[in-house]
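Asker: My structure is stored as input26.csv, with CSV, C-alpha atoms.
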```
chain,number,residue,atom,x,y,z
A,1,MET,CA,2.4,-9.3,23.6
A,2,LYS,CA,4.9,-6.5,24.3
A,3,LYS,CA,6.9,-5.2,21.4
A,4,SER,CA,10.6,-5.3,21.5
A,5,ILE,CA,12.8,-2.2,21.1
A,6,ARG,CA,13.8,-3.4,17.7
A,7,ASP,CA,10.1,-3.7,16.6
A,8,GLU,CA,9.4,-0.2,18.0
A,9,MET,CA,12.3,1.3,16.1
A,10,ILE,CA,11.4,-0.5,12.8
A,11,ASN,CA,7.8,0.8,13.2
A,12,ARG,CA,9.2,4.4,13.3
A,13,LEU,CA,10.1,3.9,9.7
A,14,GLU,CA,6.4,3.8,8.8
A,15,PHE,CA,6.8,7.5,7.9
A,16,PHE,CA,8.5,6.3,4.6
A,17,LEU,CA,5.7,4.0,3.5
A,18,GLY,CA,4.5,4.8,0.0
A,19,LYS,CA,5.6,5.9,-3.4
A,20,TRP,CA,8.0,8.9,-3.7
A,21,GLU,CA,9.2,10.8,-6.8
A,22,ILE,CA,12.9,11.4,-6.7
A,23,GLU,CA,14.7,14.4,-8.3
A,24,VAL,CA,18.5,13.9,-8.6
A,25,ILE,CA,20.6,17.1,-9.0
A,26,HIS,CA,24.0,15.8,-10.1
A,27,PRO,CA,26.9,18.0,-11.0
A,28,HIS,CA,27.6,16.0,-14.2
A,29,PHE,CA,24.1,16.6,-15.4
A,30,GLN,CA,23.8,20.3,-14.7
A,31,SER,CA,21.4,21.2,-17.5
A,32,ASN,CA,18.6,18.9,-16.3
A,33,SER,CA,17.4,17.3,-13.2
A,34,ILE,CA,17.1,13.5,-13.4
A,35,TYR,CA,13.9,11.9,-12.2
A,36,GLY,CA,12.9,8.5,-10.8
A,37,GLN,CA,10.8,6.9,-8.2
A,38,THR,CA,11.2,4.9,-5.0
A,39,ILE,CA,8.7,2.7,-3.2
A,40,PHE,CA,9.0,1.9,0.5
A,41,ASP,CA,7.0,-1.1,1.8
A,42,TRP,CA,7.0,-3.6,4.7
A,43,MET,CA,8.7,-6.9,4.3
A,44,GLU,CA,8.3,-10.1,6.4
A,45,ARG,CA,5.2,-9.0,8.4
A,46,GLU,CA,6.6,-5.6,9.3
A,47,LYS,CA,9.9,-6.9,10.6
A,48,PHE,CA,11.9,-5.1,7.9
A,49,MET,CA,11.3,-2.3,5.5
A,50,VAL,CA,12.3,-2.5,1.8
A,51,GLN,CA,12.9,0.3,-0.6
A,52,ARG,CA,13.0,-0.2,-4.4
A,53,THR,CA,14.4,2.6,-6.5
A,54,SER,CA,14.6,3.2,-10.3
A,55,ILE,CA,16.0,6.3,-12.0
A,56,ASN,CA,15.2,7.2,-15.6
A,57,GLN,CA,18.9,7.7,-16.5
A,58,SER,CA,21.0,4.7,-17.5
A,59,GLU,CA,24.1,6.0,-15.6
A,60,PHE,CA,22.2,5.6,-12.3
A,61,PRO,CA,21.6,2.0,-11.0
A,62,SER,CA,18.3,0.7,-9.8
A,63,SER,CA,18.6,-0.5,-6.2
A,64,THR,CA,16.9,-2.4,-3.4
A,65,ILE,CA,17.5,-1.5,0.2
A,66,VAL,CA,16.5,-3.5,3.2
A,67,TYR,CA,16.2,-1.6,6.5
A,68,ASP,CA,16.9,-3.2,9.8
A,69,TYR,CA,17.6,-2.1,13.4
A,70,ASP,CA,20.5,-3.3,15.5
A,71,SER,CA,19.4,-3.2,19.2
A,72,ASN,CA,23.0,-3.8,20.3
A,73,THR,CA,24.4,-0.6,18.7
A,74,GLY,CA,21.1,1.4,18.7
A,75,THR,CA,21.6,2.1,15.0
A,76,TYR,CA,19.5,1.4,11.9
A,77,LEU,CA,21.2,-0.6,9.1
A,78,GLN,CA,20.7,-0.2,5.4
A,79,HIS,CA,21.5,-3.3,3.3
A,80,TYR,CA,22.1,-1.9,-0.2
A,81,PHE,CA,22.0,-3.9,-3.4
A,82,ASP,CA,22.0,-2.4,-7.0
A,83,SER,CA,21.9,-3.3,-10.6
A,84,ARG,CA,25.7,-3.1,-11.0
A,85,GLY,CA,26.1,-5.9,-8.5
A,86,VAL,CA,27.3,-3.5,-5.7
A,87,THR,CA,26.4,-4.5,-2.2
A,88,ARG,CA,27.0,-2.2,0.8
A,89,LEU,CA,26.1,-1.9,4.4
A,90,TYR,CA,25.3,1.6,5.8
A,91,ASN,CA,24.5,2.8,9.3
A,92,MET,CA,21.5,5.0,9.6
A,93,SER,CA,19.7,7.3,12.0
A,94,PHE,CA,16.2,8.7,11.8
A,95,GLU,CA,15.2,11.4,14.3
A,96,ASN,CA,14.1,15.0,14.7
A,97,ASN,CA,13.2,15.3,11.1
A,98,TYR,CA,16.6,14.2,9.9
A,99,TRP,CA,17.5,11.1,8.1
A,100,LYS,CA,21.2,10.3,8.1
A,101,VAL,CA,23.1,7.5,6.4
A,102,TRP,CA,26.8,6.8,6.5
A,103,ARG,CA,29.4,4.3,5.5
A,104,ASP,CA,32.9,4.6,7.0
A,105,THR,CA,34.1,1.0,7.4
A,106,SER,CA,34.6,-1.9,5.0
A,107,ASP,CA,31.7,-4.3,4.7
A,108,PHE,CA,30.8,-6.6,1.8
A,109,SER,CA,33.0,-4.5,-0.5
A,110,GLN,CA,36.3,-2.8,-0.1
A,111,LEU,CA,36.0,0.8,1.3
A,112,ASP,CA,37.5,2.9,-1.5
A,113,PHE,CA,35.7,6.0,-0.1
A,114,CYS,CA,33.5,7.0,2.8
A,115,GLN,CA,30.0,8.2,2.2
A,116,ARG,CA,27.4,10.2,4.1
A,117,PHE,CA,23.9,11.4,3.4
A,118,VAL,CA,21.7,13.9,5.3
A,119,GLY,CA,18.0,14.4,4.5
A,120,GLU,CA,15.9,17.1,6.1
A,121,ILE,CA,12.2,16.3,6.2
A,122,ASN,CA,9.8,19.2,5.9
A,123,GLU,CA,7.0,19.9,8.4
A,124,SER,CA,4.2,18.2,6.4
A,125,GLY,CA,6.4,15.1,5.9
A,126,ASP,CA,5.9,15.0,2.2
A,127,THR,CA,9.3,16.3,1.0
A,128,ILE,CA,12.9,15.3,2.0
A,129,LYS,CA,15.7,17.5,0.7
A,130,SER,CA,19.0,15.6,0.9
A,131,SER,CA,22.5,15.4,-0.3
A,132,TRP,CA,25.3,12.8,-0.5
A,133,GLU,CA,28.9,13.5,0.2
A,134,THR,CA,32.1,11.4,-0.3
A,135,SER,CA,35.5,11.4,1.4
A,136,HIS,CA,38.7,9.5,0.4
A,137,ASP,CA,40.4,10.1,3.8
A,138,GLY,CA,37.4,10.2,6.2
A,139,SER,CA,37.9,13.9,7.1
A,140,HIS,CA,37.7,16.0,4.0
A,141,TRP,CA,34.2,15.8,2.5
A,142,GLU,CA,33.1,16.7,-1.0
A,143,HIS,CA,29.6,17.2,-2.3
A,144,ASP,CA,28.5,14.3,-4.5
A,145,PHE,CA,24.9,15.0,-5.5
A,146,ARG,CA,21.5,16.2,-4.2
A,147,LEU,CA,18.2,14.2,-3.9
A,148,ILE,CA,14.8,15.6,-3.4
A,149,TYR,CA,12.1,13.1,-2.4
A,150,ARG,CA,8.4,14.0,-2.9
A,151,LYS,CA,5.7,11.7,-1.5
A,152,VAL,CA,3.2,10.8,-4.2
A,153,ILE,CA,1.2,8.0,-2.6
A,154,GLN,CA,0.9,7.0,1.1
A,155,ILE,CA,0.4,3.3,1.7
```
Could you express the structure from this file as structure tokens?

Answerer:
Amino acid sequence: MKKSIRDEMINRLEFFLGKWEIEVIHPHFQSNSIYGQTIFDWMEREKFMVQRTSINQSEFPSSTIVYDYDSNTGTYLQHYFDSRGVTRLYNMSFENNYWKVWRDTSDFSQLDFCQRFVGEINESGDTIKSSWETSHDGSHWEHDFRLIYRKVIQI
């Protein structure tokens, strides 16, 4: 049976499968990095990918993200849910060793600010150095915090 474009694009996310250590470098916690973990795994017979994250600092919510691909727009989607009860829908791209995520329109929640994320994947594929930025007007962006993902276990 021939795979659909959507299935092929979802399968490209296989790179993420496994357990990753996360280091958060946040300007409000300058003296120490904050650590946590995230696990990427398949969901519903490899039709979706799910990411579950926990950080060892109470100020950071735990979260679950479900990844999908919209064949109509040619864009990945991140369905984000966290322990604060926040739900958001992000657009995403994953190509040429760059992982990008952005939110610039209202979705399940009011859009009080825009967000974007860029992660650069190293050559060996075991480290992703990334950062989040925010904007209140969609054109002037401010650094929010950095994240470093280090792969611990490949599934």

Asker: I'd like to know which of A:Leu77, A:Met43, A:Val86, A:Ile34 is closest to A:Gln57, using all atoms listed in the file.

Answerer: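 Smallest distance to A:Gln57 is found for A:Ile34.
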
Asker: Please report the interatomic distance between atom CA of A:Arg84 and atom CA of A:His140 in Å with one decimal.

Answerer: 27.1 Å

Asker: Between atom CA of A:Gln51 and atom CA of A:Ser31, what distance in Å does the model show, to one decimal?

Answerer: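 Computing the Euclidean distance for atom CA of A:Gln51 and atom CA of A:Ser31 yields 28.2 Å.
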
Asker: Tell me, counting all atoms listed in the file, for each residue of stretch 69-97 of chain A within 8 Å of stretch 4-14 of chain A, which pair of atoms is nearest and how far apart they are in Å to one decimal, in rows ordered by chain and increasing number, as CSV.

Answerer:
```
residue,atom,partner,partner_atom,distance
A:Tyr69,CA,A:Arg6,CA,5.9
A:Asp70,CA,A:Arg6,CA,7.1
A:Ser71,CA,A:Arg6,CA,5.8
```

Asker: With all atoms listed in the file as the counted atoms, please give the residues lying no more than 10 Å from A:Gly85, apart from itself and same-chain residues fewer than 3 positions off, as a VMD selection string.

Answerer: chain A and resid 61 63 81 to 82

Asker: Which residue, A:Ser139, A:Thr87, A:Ser93, A:Thr64, has the smallest gap to A:Ser106 when you use all atoms listed in the file?

Answerer: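 When distances to A:Ser106 are compared using all atoms listed in the file, the smallest one comes from A:Thr87.
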
Asker: So the first atom is atom CA of A:Arg146 and the second is atom CA of A:Ser130; what is the distance between them in Å, to one decimal place?

Answerer: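 Value for the atom CA of A:Arg146-atom CA of A:Ser130 distance: 5.7 Å.
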
Asker: May I ask which of the residues A:Met49, A:Lys129, A:Phe117, A:Arg103 is the closest one to A:Phe15, counting all atoms listed in the file?

Answerer: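 Of all the options, A:Met49 lies closest to A:Phe15.
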
Asker: From the options A:Ser58, A:Phe16, A:His26, A:Ser83, which residue's atoms come nearest to A:Ser131, counting all atoms listed in the file?

Answerer: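 Using all atoms listed in the file, A:Ser131 sits closest to A:His26.
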
Asker: Compile the contact shell of A:Ile153 as a ChimeraX atom specification: residues with an atom at most 12 Å away, counting only C-alpha atoms, same-chain residues fewer than 6 positions apart removed.

Answerer: /A:15-21,37-41,126

Asker: List the residues sitting within 8 Å of (29.1, -7.3, 4.7) in the file's frame, using only C-alpha atoms, as a list in words.

Answerer: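 Here the neighbourhood of the point contains Thr87, Arg88, Leu89, Ser106, Asp107, Phe108 and Ser109 of chain A.
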
Asker: Using only C-alpha atoms, which residues sit within 7 Å of A:Tyr98 once same-chain residues fewer than 4 positions away are excluded, as a PyMOL selection string?

Answerer: chain A and resi 94+118-121

Asker: Find the residues around A:Ser135 up to 12 Å (all atoms listed in the file counted), leave out those fewer than 5 positions away in its own chain, and share them as a PyMOL selection string.

Answerer: chain A and resi 102-104+111-117+140-144

Asker: Determine the nearest neighbour of A:Phe145 from the options A:Phe29, A:Tyr67, A:Trp132, A:Trp42, counting all atoms listed in the file.

Answerer: A:Trp132
